[in-house]
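Colleague: Below is upload.pdb; it holds PDB, C-alpha atoms.
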```pdb
ATOM      1  CA  MET P   1     105.271  72.074  77.474
ATOM      2  CA  ARG P   2     107.505  74.797  76.010
ATOM      3  CA  ARG P   3     105.860  77.447  78.222
ATOM      4  CA  ILE P   4     106.323  75.215  81.277
ATOM      5  CA  LEU P   5     109.991  74.713  80.453
ATOM      6  CA  LEU P   6     110.539  78.453  79.913
ATOM      7  CA  SER P   7     108.876  79.262  83.226
ATOM      8  CA  ALA P   8     110.962  76.608  84.978
ATOM      9  CA  LEU P   9     114.105  78.083  83.400
ATOM     10  CA  LYS P  10     113.189  81.575  84.608
ATOM     11  CA  ILE P  11     112.608  80.229  88.126
ATOM     12  CA  LEU P  12     116.048  78.619  88.018
ATOM     13  CA  VAL P  13     117.613  81.886  86.787
ATOM     14  CA  SER P  14     115.918  83.839  89.584
ATOM     15  CA  GLY P  15     116.989  81.281  92.167
ATOM     16  CA  ALA P  16     120.590  81.138  90.970
ATOM     17  CA  LEU P  17     120.985  84.920  90.789
ATOM     18  CA  LEU P  18     119.339  85.367  94.187
ATOM     19  CA  TYR P  19     121.719  82.804  95.661
ATOM     20  CA  PHE P  20     124.815  84.565  94.334
ATOM     21  CA  ALA P  21     123.456  88.003  95.293
ATOM     22  CA  LEU P  22     122.382  86.990  98.816
ATOM     23  CA  ARG P  23     125.165  84.662  99.872
ATOM     24  CA  LYS P  24     127.059  87.576 101.439
ATOM     25  CA  ALA P  25     123.972  89.436 102.679
ATOM     26  CA  ASN P  26     123.673  90.093 106.407
ATOM     27  CA  PHE P  27     119.973  89.625 107.155
ATOM     28  CA  ALA P  28     120.470  90.120 110.896
ATOM     29  CA  ASP P  29     121.972  93.557 110.231
ATOM     30  CA  LEU P  30     119.151  94.424 107.819
ATOM     31  CA  ALA P  31     116.470  93.374 110.321
ATOM     32  CA  SER P  32     118.114  95.375 113.113
ATOM     33  CA  ARG P  33     117.874  98.557 111.033
ATOM     34  CA  ILE P  34     114.119  98.303 110.528
ATOM     35  CA  ASN P  35     112.073 100.218 113.117
ATOM     36  CA  VAL P  36     108.851 102.241 113.347
ATOM     37  CA  ALA P  37     110.329 105.055 111.255
ATOM     38  CA  SER P  38     111.344 102.463 108.646
ATOM     39  CA  LEU P  39     107.746 101.303 108.323
ATOM     40  CA  GLY P  40     106.726 104.897 107.631
ATOM     41  CA  TRP P  41     109.224 105.141 104.785
ATOM     42  CA  ILE P  42     108.103 101.758 103.409
ATOM     43  CA  GLY P  43     104.493 102.950 103.575
ATOM     44  CA  LEU P  44     105.495 106.073 101.623
ATOM     45  CA  ALA P  45     107.268 103.880  99.063
ATOM     46  CA  ILE P  46     104.057 101.869  98.621
ATOM     47  CA  ALA P  47     102.050 105.073  98.159
ATOM     48  CA  VAL P  48     104.533 106.355  95.559
ATOM     49  CA  THR P  49     104.305 103.007  93.760
ATOM     50  CA  PHE P  50     100.546 103.435  93.414
ATOM     51  CA  LEU P  51     101.182 106.981  92.149
ATOM     52  CA  GLN P  52     103.639 105.554  89.621
ATOM     53  CA  ILE P  53     100.994 103.087  88.445
ATOM     54  CA  PHE P  54      98.505 105.947  88.055
ATOM     55  CA  VAL P  55     100.976 108.002  86.002
ATOM     56  CA  GLY P  56     101.519 104.923  83.838
ATOM     57  CA  VAL P  57      97.747 104.696  83.438
ATOM     58  CA  LEU P  58      97.568 108.253  82.111
ATOM     59  CA  ARG P  59     100.236 107.458  79.502
ATOM     60  CA  TRP P  60      98.614 104.147  78.571
ATOM     61  CA  ARG P  61      95.280 105.908  78.013
ATOM     62  CA  GLU P  62      96.904 108.296  75.528
ATOM     63  CA  VAL P  63      98.484 105.395  73.655
ATOM     64  CA  SER P  64      95.350 103.225  73.789
ATOM     65  CA  ALA P  65      93.194 105.993  72.341
ATOM     66  CA  GLU P  66      95.543 106.158  69.337
ATOM     67  CA  CYS P  67      95.278 102.368  68.963
ATOM     68  CA  GLY P  68      91.470 102.323  68.990
ATOM     69  CA  ALA P  69      91.265 100.779  72.458
ATOM     70  CA  SER P  70      89.918 103.674  74.494
ATOM     71  CA  LEU P  71      89.865 103.125  78.262
ATOM     72  CA  THR P  72      88.438 105.096  81.163
ATOM     73  CA  THR P  73      90.911 106.135  83.854
ATOM     74  CA  ARG P  74      89.231 103.895  86.431
ATOM     75  CA  GLN P  75      89.217 100.938  84.068
ATOM     76  CA  ALA P  76      92.882 101.388  83.099
ATOM     77  CA  MET P  77      93.916 101.817  86.744
ATOM     78  CA  ARG P  78      92.164  98.597  87.705
ATOM     79  CA  TYR P  79      93.818  96.717  84.831
ATOM     80  CA  ASN P  80      97.263  98.069  85.755
ATOM     81  CA  VAL P  81      96.871  97.150  89.433
ATOM     82  CA  ILE P  82      95.785  93.633  88.429
ATOM     83  CA  GLY P  83      98.781  93.539  86.074
ATOM     84  CA  ALA P  84     101.037  94.424  89.026
ATOM     85  CA  PHE P  85      99.822  91.246  90.754
ATOM     86  CA  PHE P  86     100.600  89.040  87.766
ATOM     87  CA  ASN P  87     103.989  90.741  87.394
ATOM     88  CA  GLN P  88     104.851  89.133  90.730
ATOM     89  CA  THR P  89     103.637  85.676  89.767
ATOM     90  CA  LEU P  90     104.588  85.336  86.096
ATOM     91  CA  PRO P  91     107.901  85.808  84.230
ATOM     92  CA  SER P  92     109.204  89.413  84.392
ATOM     93  CA  SER P  93     106.618  92.084  83.502
ATOM     94  CA  ILE P  94     105.442  90.100  80.490
ATOM     95  CA  GLY P  95     102.928  88.189  82.614
ATOM     96  CA  GLY P  96     101.255  91.395  83.757
ATOM     97  CA  ASP P  97     101.205  92.721  80.196
ATOM     98  CA  ALA P  98      99.592  89.504  78.934
ATOM     99  CA  VAL P  99      96.831  89.794  81.524
ATOM    100  CA  ARG P 100      96.267  93.487  80.722
ATOM    101  CA  LEU P 101      96.045  92.540  77.043
ATOM    102  CA  TRP P 102      93.442  89.886  77.844
ATOM    103  CA  LEU P 103      91.417  92.326  79.957
ATOM    104  CA  VAL P 104      91.441  95.062  77.294
ATOM    105  CA  ALA P 105      90.523  92.584  74.573
ATOM    106  CA  ARG P 106      87.605  91.235  76.615
ATOM    107  CA  ALA P 107      86.415  94.787  77.266
ATOM    108  CA  GLY P 108      85.594  95.027  73.556
ATOM    109  CA  ALA P 109      88.732  96.446  71.965
ATOM    110  CA  GLY P 110      89.743  93.155  70.331
ATOM    111  CA  TRP P 111      93.103  91.411  70.261
ATOM    112  CA  ARG P 112      94.835  93.675  67.753
ATOM    113  CA  ALA P 113      94.058  97.024  69.396
ATOM    114  CA  ALA P 114      94.798  95.616  72.861
ATOM    115  CA  THR P 115      98.153  94.178  71.776
ATOM    116  CA  TYR P 116      99.173  97.344  69.959
ATOM    117  CA  SER P 117      98.299  99.565  72.928
ATOM    118  CA  ILE P 118     100.421  97.573  75.379
ATOM    119  CA  PHE P 119     103.340  96.996  73.014
ATOM    120  CA  VAL P 120     103.560 100.672  72.007
ATOM    121  CA  ASP P 121     103.213 101.797  75.628
ATOM    122  CA  ARG P 122     106.086  99.519  76.642
ATOM    123  CA  ALA P 123     108.229 100.684  73.715
ATOM    124  CA  ILE P 124     107.727 104.348  74.583
ATOM    125  CA  GLY P 125     108.616 103.656  78.215
ATOM    126  CA  LEU P 126     111.801 101.843  77.161
ATOM    127  CA  ILE P 127     112.848 104.704  74.857
ATOM    128  CA  ALA P 128     112.251 107.257  77.647
ATOM    129  CA  LEU P 129     114.326 105.182  80.093
ATOM    130  CA  ALA P 130     117.211 104.908  77.625
ATOM    131  CA  ILE P 131     117.134 108.676  77.021
ATOM    132  CA  ILE P 132     117.217 109.372  80.776
ATOM    133  CA  ILE P 133     120.273 107.138  81.165
ATOM    134  CA  VAL P 134     122.049 108.818  78.232
ATOM    135  CA  ALA P 135     121.264 112.264  79.656
ATOM    136  CA  SER P 136     122.787 111.262  83.008
ATOM    137  CA  LEU P 137     125.928 109.676  81.538
ATOM    138  CA  PRO P 138     128.264 112.626  82.336
ATOM    139  CA  TRP P 139     127.453 112.224  86.046
ATOM    140  CA  SER P 140     127.307 108.404  85.911
ATOM    141  CA  TYR P 141     130.811 108.310  84.452
ATOM    142  CA  ASN P 142     132.080 110.286  87.415
ATOM    143  CA  LEU P 143     130.280 107.963  89.825
ATOM    144  CA  ILE P 144     131.347 104.697  88.178
ATOM    145  CA  SER P 145     135.133 104.609  88.141
ATOM    146  CA  ASP P 146     135.462 100.932  87.154
ATOM    147  CA  SER P 147     136.180 100.573  83.413
ATOM    148  CA  HIS P 148     134.132  97.350  83.143
ATOM    149  CA  GLY P 149     131.188  99.080  84.802
ATOM    150  CA  ARG P 150     131.390 101.992  82.382
ATOM    151  CA  SER P 151     131.559  99.648  79.396
ATOM    152  CA  ALA P 152     128.584  97.642  80.619
ATOM    153  CA  LEU P 153     126.554 100.806  81.173
ATOM    154  CA  LEU P 154     127.311 102.092  77.673
ATOM    155  CA  LEU P 155     126.596  98.738  76.044
ATOM    156  CA  VAL P 156     123.231  98.197  77.727
ATOM    157  CA  ASP P 157     122.013 101.770  77.325
ATOM    158  CA  PHE P 158     123.021 102.330  73.736
ATOM    159  CA  ALA P 159     121.653  98.909  72.759
ATOM    160  CA  ALA P 160     118.292  99.920  74.229
ATOM    161  CA  LEU P 161     118.466 103.364  72.612
ATOM    162  CA  ALA P 162     119.437 101.907  69.229
ATOM    163  CA  GLY P 163     116.565  99.439  69.470
ATOM    164  CA  GLY P 164     114.126 102.230  70.289
ATOM    165  CA  ILE P 165     115.341 104.471  67.461
ATOM    166  CA  GLY P 166     115.285 101.536  65.054
ATOM    167  CA  PHE P 167     111.712 100.793  66.084
ATOM    168  CA  LEU P 168     110.639 104.397  65.365
ATOM    169  CA  VAL P 169     112.533 104.510  62.049
ATOM    170  CA  LEU P 170     110.713 101.351  60.954
ATOM    171  CA  GLY P 171     107.427 103.254  60.896
ATOM    172  CA  ARG P 172     108.931 105.907  58.604
ATOM    173  CA  LEU P 173     110.123 103.487  55.938
ATOM    174  CA  PRO P 174     107.982 103.477  52.756
ATOM    175  CA  TRP P 175     108.761  99.911  51.678
ATOM    176  CA  PRO P 176     105.479  98.113  50.779
ATOM    177  CA  TRP P 177     106.735  94.671  51.802
ATOM    178  CA  LEU P 178     106.866  95.808  55.441
ATOM    179  CA  LYS P 179     103.065  95.863  55.402
ATOM    180  CA  ARG P 180     102.686  92.558  53.545
ATOM    181  CA  TRP P 181     104.919  90.188  55.500
ATOM    182  CA  TRP P 182     103.349  88.780  58.633
ATOM    183  CA  ALA P 183     106.639  89.097  60.519
ATOM    184  CA  THR P 184     106.862  92.839  59.886
ATOM    185  CA  HIS P 185     103.253  93.912  59.377
ATOM    186  CA  HIS P 186     102.260  94.291  63.039
ATOM    187  CA  LEU P 187     105.648  95.633  64.141
ATOM    188  CA  HIS P 188     105.444  98.277  61.411
ATOM    189  CA  ALA P 189     101.890  99.168  62.464
ATOM    190  CA  CYS P 190     103.010  99.607  66.091
ATOM    191  CA  SER P 191     105.905 101.787  64.959
ATOM    192  CA  VAL P 192     103.545 104.004  62.966
ATOM    193  CA  ILE P 193     101.329 104.416  66.038
ATOM    194  CA  ALA P 194     104.338 105.174  68.271
ATOM    195  CA  ASN P 195     105.483 107.873  65.848
ATOM    196  CA  ARG P 196     102.003 109.405  65.826
ATOM    197  CA  VAL P 197     101.896 109.478  69.616
ATOM    198  CA  ILE P 198     105.426 110.758  70.228
ATOM    199  CA  PHE P 199     105.457 113.419  67.524
ATOM    200  CA  SER P 200     101.880 114.580  67.999
ATOM    201  CA  HIS P 201     101.540 118.240  68.992
ATOM    202  CA  ASP P 202      98.701 117.246  71.327
ATOM    203  CA  ARG P 203      99.766 113.905  72.823
ATOM    204  CA  GLY P 204     103.549 114.057  72.360
ATOM    205  CA  PRO P 205     104.514 116.504  75.153
ATOM    206  CA  LYS P 206     102.036 114.915  77.553
ATOM    207  CA  VAL P 207     103.347 111.398  76.894
ATOM    208  CA  ALA P 208     106.967 112.594  77.196
ATOM    209  CA  VAL P 209     106.349 114.175  80.609
ATOM    210  CA  LEU P 210     104.435 111.147  81.868
ATOM    211  CA  SER P 211     107.140 108.759  80.623
ATOM    212  CA  VAL P 212     109.917 110.666  82.405
ATOM    213  CA  LEU P 213     107.798 110.940  85.557
ATOM    214  CA  VAL P 214     107.235 107.166  85.689
ATOM    215  CA  HIS P 215     110.980 106.572  85.867
ATOM    216  CA  VAL P 216     111.627 109.443  88.268
ATOM    217  CA  LEU P 217     109.050 107.924  90.616
ATOM    218  CA  ALA P 218     110.960 104.628  90.496
ATOM    219  CA  VAL P 219     113.969 106.546  91.808
ATOM    220  CA  VAL P 220     111.809 108.127  94.532
ATOM    221  CA  ILE P 221     110.590 104.667  95.586
ATOM    222  CA  ALA P 222     114.189 103.486  95.867
ATOM    223  CA  TRP P 223     115.072 106.625  97.843
ATOM    224  CA  CYS P 224     112.270 105.906 100.322
ATOM    225  CA  VAL P 225     113.718 102.411 100.737
ATOM    226  CA  VAL P 226     117.187 103.903 101.285
ATOM    227  CA  GLN P 227     115.787 106.159 103.997
ATOM    228  CA  SER P 228     113.985 103.239 105.662
ATOM    229  CA  ILE P 229     117.294 101.552 106.533
ATOM    230  CA  ALA P 230     119.417 104.731 106.700
ATOM    231  CA  ALA P 231     121.749 103.433 103.991
ATOM    232  CA  PRO P 232     124.810 105.641 103.374
ATOM    233  CA  VAL P 233     123.694 106.617  99.845
ATOM    234  CA  VAL P 234     122.769 110.093  98.597
ATOM    235  CA  PHE P 235     119.858 110.849  96.269
ATOM    236  CA  GLY P 236     122.138 111.728  93.335
ATOM    237  CA  GLN P 237     123.748 108.296  93.471
ATOM    238  CA  ILE P 238     120.374 106.561  93.536
ATOM    239  CA  PHE P 239     119.194 108.692  90.593
ATOM    240  CA  GLN P 240     122.181 107.576  88.533
ATOM    241  CA  LEU P 241     122.122 103.887  89.508
ATOM    242  CA  ILE P 242     118.433 102.962  89.537
ATOM    243  CA  PRO P 243     117.535 103.656  85.839
ATOM    244  CA  PRO P 244     120.219 101.292  84.430
ATOM    245  CA  VAL P 245     119.213  98.625  86.944
ATOM    246  CA  MET P 246     115.552  99.009  85.948
ATOM    247  CA  LEU P 247     116.539  98.706  82.276
ATOM    248  CA  ILE P 248     118.312  95.400  82.863
ATOM    249  CA  THR P 249     115.515  94.144  85.126
ATOM    250  CA  MET P 250     113.083  94.517  82.204
ATOM    251  CA  LEU P 251     114.759  91.525  80.528
ATOM    252  CA  PRO P 252     112.246  88.613  80.684
ATOM    253  CA  ILE P 253     114.687  86.106  82.147
ATOM    254  CA  SER P 254     113.399  85.806  85.715
ATOM    255  CA  ILE P 255     110.254  85.877  87.840
ATOM    256  CA  ALA P 256     109.224  89.485  88.607
ATOM    257  CA  GLY P 257     112.846  90.572  88.154
ATOM    258  CA  TRP P 258     113.883  88.749  91.346
ATOM    259  CA  GLY P 259     117.515  87.762  91.239
ATOM    260  CA  VAL P 260     118.322  89.929  88.236
ATOM    261  CA  ARG P 261     117.513  93.100  90.188
ATOM    262  CA  GLU P 262     119.482  92.039  93.280
ATOM    263  CA  ALA P 263     122.522  90.880  91.319
ATOM    264  CA  THR P 264     122.520  93.985  89.108
ATOM    265  CA  MET P 265     122.009  96.366  92.033
ATOM    266  CA  GLY P 266     124.843  94.791  94.002
ATOM    267  CA  LEU P 267     127.093  94.945  90.949
ATOM    268  CA  ALA P 268     126.154  98.572  90.235
ATOM    269  CA  PHE P 269     126.855  99.610  93.815
ATOM    270  CA  GLY P 270     130.212  97.845  93.681
ATOM    271  CA  TYR P 271     131.169  99.600  90.439
ATOM    272  CA  ALA P 272     130.186 102.931  92.007
ATOM    273  CA  GLY P 273     132.462 102.353  94.987
ATOM    274  CA  LEU P 274     129.539 101.779  97.353
ATOM    275  CA  MET P 275     128.900  98.785  99.596
ATOM    276  CA  THR P 276     127.584  95.853  97.552
ATOM    277  CA  ASN P 277     125.458  94.518 100.406
ATOM    278  CA  GLU P 278     123.656  97.879 100.657
ATOM    279  CA  GLY P 279     122.678  97.574  97.007
ATOM    280  CA  VAL P 280     121.281  94.100  97.675
ATOM    281  CA  ASN P 281     119.417  95.342 100.781
ATOM    282  CA  ILE P 282     117.833  98.209  98.850
ATOM    283  CA  SER P 283     116.890  95.858  96.018
ATOM    284  CA  LEU P 284     115.246  93.373  98.395
ATOM    285  CA  LEU P 285     113.141  96.077 100.045
ATOM    286  CA  PHE P 286     112.308  97.563  96.633
ATOM    287  CA  GLY P 287     111.076  94.117  95.580
ATOM    288  CA  ALA P 288     109.116  93.775  98.826
ATOM    289  CA  VAL P 289     107.310  97.053  98.108
ATOM    290  CA  SER P 290     106.398  95.783  94.620
ATOM    291  CA  PHE P 291     105.225  92.505  96.140
ATOM    292  CA  ILE P 292     102.913  94.290  98.603
ATOM    293  CA  VAL P 293     101.410  96.401  95.820
ATOM    294  CA  GLY P 294     101.045  93.250  93.730
ATOM    295  CA  ALA P 295      99.227  91.538  96.614
ATOM    296  CA  PHE P 296      96.713  94.382  96.638
ATOM    297  CA  GLY P 297      96.305  93.863  92.900
ATOM    298  CA  GLY P 298      95.628  90.195  93.608
ATOM    299  CA  LEU P 299      92.693  91.157  95.831
ATOM    300  CA  VAL P 300      91.353  93.432  93.075
ATOM    301  CA  TRP P 301      91.625  90.498  90.652
ATOM    302  CA  ILE P 302      89.911  88.028  92.988
ATOM    303  CA  PHE P 303      86.864  90.270  93.395
ATOM    304  CA  SER P 304      86.816  91.538  89.799
ATOM    305  CA  ALA P 305      83.939  90.958  87.414
ATOM    306  CA  GLU P 306      86.422  89.754  84.779
ATOM    307  CA  LYS P 307      87.538  86.838  86.936
ATOM    308  CA  ALA P 308      83.949  85.893  87.704
ATOM    309  CA  ALA P 309      83.132  85.885  83.982
ATOM    310  CA  GLN P 310      86.420  84.276  82.938
ATOM    311  CA  GLY P 311      85.923  82.271  79.773
ATOM    312  CA  SER P 312      82.132  82.691  79.741
ATOM    313  CA  THR P 313      82.012  84.968  76.678
ATOM    314  CA  PRO P 314      84.149  84.964  73.535
ATOM    315  CA  ILE P 315      86.470  87.844  72.760
ATOM    316  CA  GLU P 316      85.407  89.908  69.800
ATOM    317  CA  VAL P 317      88.030  90.075  67.045
ATOM    318  CA  ARG P 318      88.164  93.577  65.630
ATOM    319  CA  GLU P 319      90.363  94.639  62.736
TER     320      GLU P 319
END
```
Let me see the structure of the file written as structure tokens.
Modeller:
Amino acid sequence: MRRILLSALKILVSGALLYFALRKANFADLASRINVASLGWIGLAIAVTFLQIFVGVLRWREVSAECGASLTTRQAMRYNVIGAFFNQTLPSSIGGDAVRLWLVARAGAGWRAATYSIFVDRAIGLIALAIIIVASLPWSYNLISDSHGRSALLLVDFAALAGGIGFLVLGRLPWPWLKRWWATHHLHACSVIANRVIFSHDRGPKVAVLSVLVHVLAVVIAWCVVQSIAAPVVFGQIFQLIPPVMLITMLPISIAGWGVREATMGLAFGYAGLMTNEGVNISLLFGAVSFIVGAFGGLVWIFSAEKAAQGSTPIEVRE
């Protein structure tokens, strides 16, 4: 019942935010700007999204190997594409992560290794995103002239960065009770793994490059969407606005980020002195691209061996 209520609440949040974000949207104008060339740009955005998923797969494989949940590239790609489908049907990206966890656990890794691999992968991605936003702050400050917008940007980014640094520091602490208490034992173990991955001479540079590339590709996807409707926005502005929006969209308070992304994008464009409705238009098309990729993932899930065997064999519990 609690899960049903939480899901219902997230649907209400998505609906309310979408209503406020779209009440001033001009759908007739948006539709009139979509032509054959637009479809080409949307197709490119879809292709880049699949590339982004593949880059995420390469990073996840590095993390999973450190967690004792080794995956082949093909296997990890299939799990991530299936996860993209459930991201569109379950709350935020947590739904997709839960399904990926289930798939990895059923593949023989066990619950612990599967959970650690996905949690650490997400944490590393969040830290990389926060660092990118901090690195772009000198330019973002010039773009965002509104004082409230600047304060919001600083608050959200430094909160994420502080959380990421705190998570890494946790794994360096020598206190024995961190390993004994249930509440801290697994979090400490994940932090230790994250430190090993990030500061490894072998895996560290590779994971860093892949993490940055994942977020850069998100900007490229948004740029393709901008080009599809010939929005009056330059690439530099998109590069500065998209990462903070993606950071806020990661909050698990809506379905697939719908509503949160549109409201945040419109607000960000307004703070940057750009047209709010263009931000909403770009966000809607960005979401549509994710939905199309998710639909493909749904087909992969429907015809997957895991769905056919769902619940037929127990999951091995490995320590």
Colleague: Name every residue that the PyMOL selection byres ((chain P and resi 123-136) around 7) selects in this structure, writing the answer as a PyMOL selection string with chains first and numbers rising.
Modeller: chain P and resi 119-122+137-140+157+160-161+164+211-212+215+240+243-244
Colleague: Report, in Å with one decimal, the straight-line distance from CA of Arg78 in chain P to CA of Val63 in chain P.
Modeller: 16.8 Å
Colleague: Just the residues within 8 Å of range 40-45 of chain P, please, counting all atoms listed in the file, with nothing from its chain fewer than 5 positions along; format it as a ChimeraX atom specification.
Modeller: /P:220-222,224-225,227-228,289
Colleague: Quick one: which residues end up in the PyMOL selection byres ((chain P and resi 290) around 12) for this structure, as number ranges by chain?
Modeller: P: 42-43, 45-50, 52-53, 81, 83-89, 93, 218, 221-222, 225, 256-258, 283-289, 291-297
Colleague: Can you list, as an NGL selection string, the residues that the PyMOL selection byres ((chain P and resi 186-201) around 8) selects here?
Modeller: :P and (62-63 or 66-67 or 116 or 119-120 or 124 or 167-172 or 178-179 or 182-185 or 202-205 or 207-208)
Colleague: Export, as a compact mmCIF listing (two decimals), in the coordinates of the input, the selected residues with C-alpha atoms.
Modeller:
```
# COMPACT_ATOMS: atom_id res chain seq x y z
CA GLU P 62 96.90 108.30 75.53
CA VAL P 63 98.48 105.40 73.66
CA GLU P 66 95.54 106.16 69.34
CA CYS P 67 95.28 102.37 68.96
CA TYR P 116 99.17 97.34 69.96
CA PHE P 119 103.34 97.00 73.01
CA VAL P 120 103.56 100.67 72.01
CA ILE P 124 107.73 104.35 74.58
CA PHE P 167 111.71 100.79 66.08
CA LEU P 168 110.64 104.40 65.36
CA VAL P 169 112.53 104.51 62.05
CA LEU P 170 110.71 101.35 60.95
CA GLY P 171 107.43 103.25 60.90
CA ARG P 172 108.93 105.91 58.60
CA LEU P 178 106.87 95.81 55.44
CA LYS P 179 103.06 95.86 55.40
CA TRP P 182 103.35 88.78 58.63
CA ALA P 183 106.64 89.10 60.52
CA THR P 184 106.86 92.84 59.89
CA HIS P 185 103.25 93.91 59.38
CA ASP P 202 98.70 117.25 71.33
CA ARG P 203 99.77 113.90 72.82
CA GLY P 204 103.55 114.06 72.36
CA PRO P 205 104.51 116.50 75.15
CA VAL P 207 103.35 111.40 76.89
CA ALA P 208 106.97 112.59 77.20
```
Colleague: May I ask for the distance between CA of Val36 in chain P and CA of Pro232 in chain P, given in Å to one decimal place?
Modeller: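 Between CA of Val36 in chain P and CA of Pro232 in chain P the gap works out to 19.1 Å.
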Colleague: Missing atoms in range 195-212 of chain P: can you complete it with N, CA and C atoms, as a compact mmCIF listing (two decimals), keeping the file's coordinate frame?
Modeller:
```txt
# COMPACT_ATOMS: atom_id res chain seq x y z
N ASN P 195 105.08 106.60 66.45
CA ASN P 195 105.48 107.87 65.85
C ASN P 195 104.37 108.91 65.96
N ARG P 196 103.14 108.47 65.73
CA ARG P 196 102.00 109.40 65.83
C ARG P 196 101.85 109.94 67.24
N VAL P 197 102.04 109.06 68.21
CA VAL P 197 101.90 109.48 69.62
C VAL P 197 103.03 110.41 70.03
N ILE P 198 104.26 110.01 69.76
CA ILE P 198 105.43 110.76 70.23
C ILE P 198 105.54 112.13 69.56
N PHE P 199 105.26 112.18 68.26
CA PHE P 199 105.46 113.42 67.52
C PHE P 199 104.17 114.21 67.31
N SER P 200 103.13 113.83 68.04
CA SER P 200 101.88 114.58 68.00
C SER P 200 102.01 115.87 68.80
N HIS P 201 101.50 116.97 68.26
CA HIS P 201 101.54 118.24 68.99
C HIS P 201 100.66 118.18 70.24
N ASP P 202 99.63 117.34 70.20
CA ASP P 202 98.70 117.25 71.33
C ASP P 202 99.19 116.23 72.35
N ARG P 203 99.42 114.99 71.90
CA ARG P 203 99.77 113.90 72.82
C ARG P 203 101.26 113.83 73.13
N GLY P 204 102.11 114.22 72.20
CA GLY P 204 103.55 114.06 72.36
C GLY P 204 104.12 114.63 73.64
N PRO P 205 103.95 115.93 73.92
CA PRO P 205 104.51 116.50 75.15
C PRO P 205 103.96 115.85 76.41
N LYS P 206 102.66 115.54 76.38
CA LYS P 206 102.04 114.92 77.55
C LYS P 206 102.63 113.53 77.82
N VAL P 207 102.79 112.74 76.75
CA VAL P 207 103.35 111.40 76.89
C VAL P 207 104.81 111.46 77.33
N ALA P 208 105.56 112.44 76.82
CA ALA P 208 106.97 112.59 77.20
C ALA P 208 107.10 112.89 78.69
N VAL P 209 106.30 113.82 79.18
CA VAL P 209 106.35 114.18 80.61
C VAL P 209 105.96 112.98 81.47
N LEU P 210 104.89 112.30 81.09
CA LEU P 210 104.44 111.15 81.87
C LEU P 210 105.48 110.03 81.87
N SER P 211 106.13 109.82 80.73
CA SER P 211 107.14 108.76 80.62
C SER P 211 108.33 109.05 81.53
N VAL P 212 108.80 110.29 81.53
CA VAL P 212 109.92 110.67 82.40
C VAL P 212 109.50 110.54 83.87
```
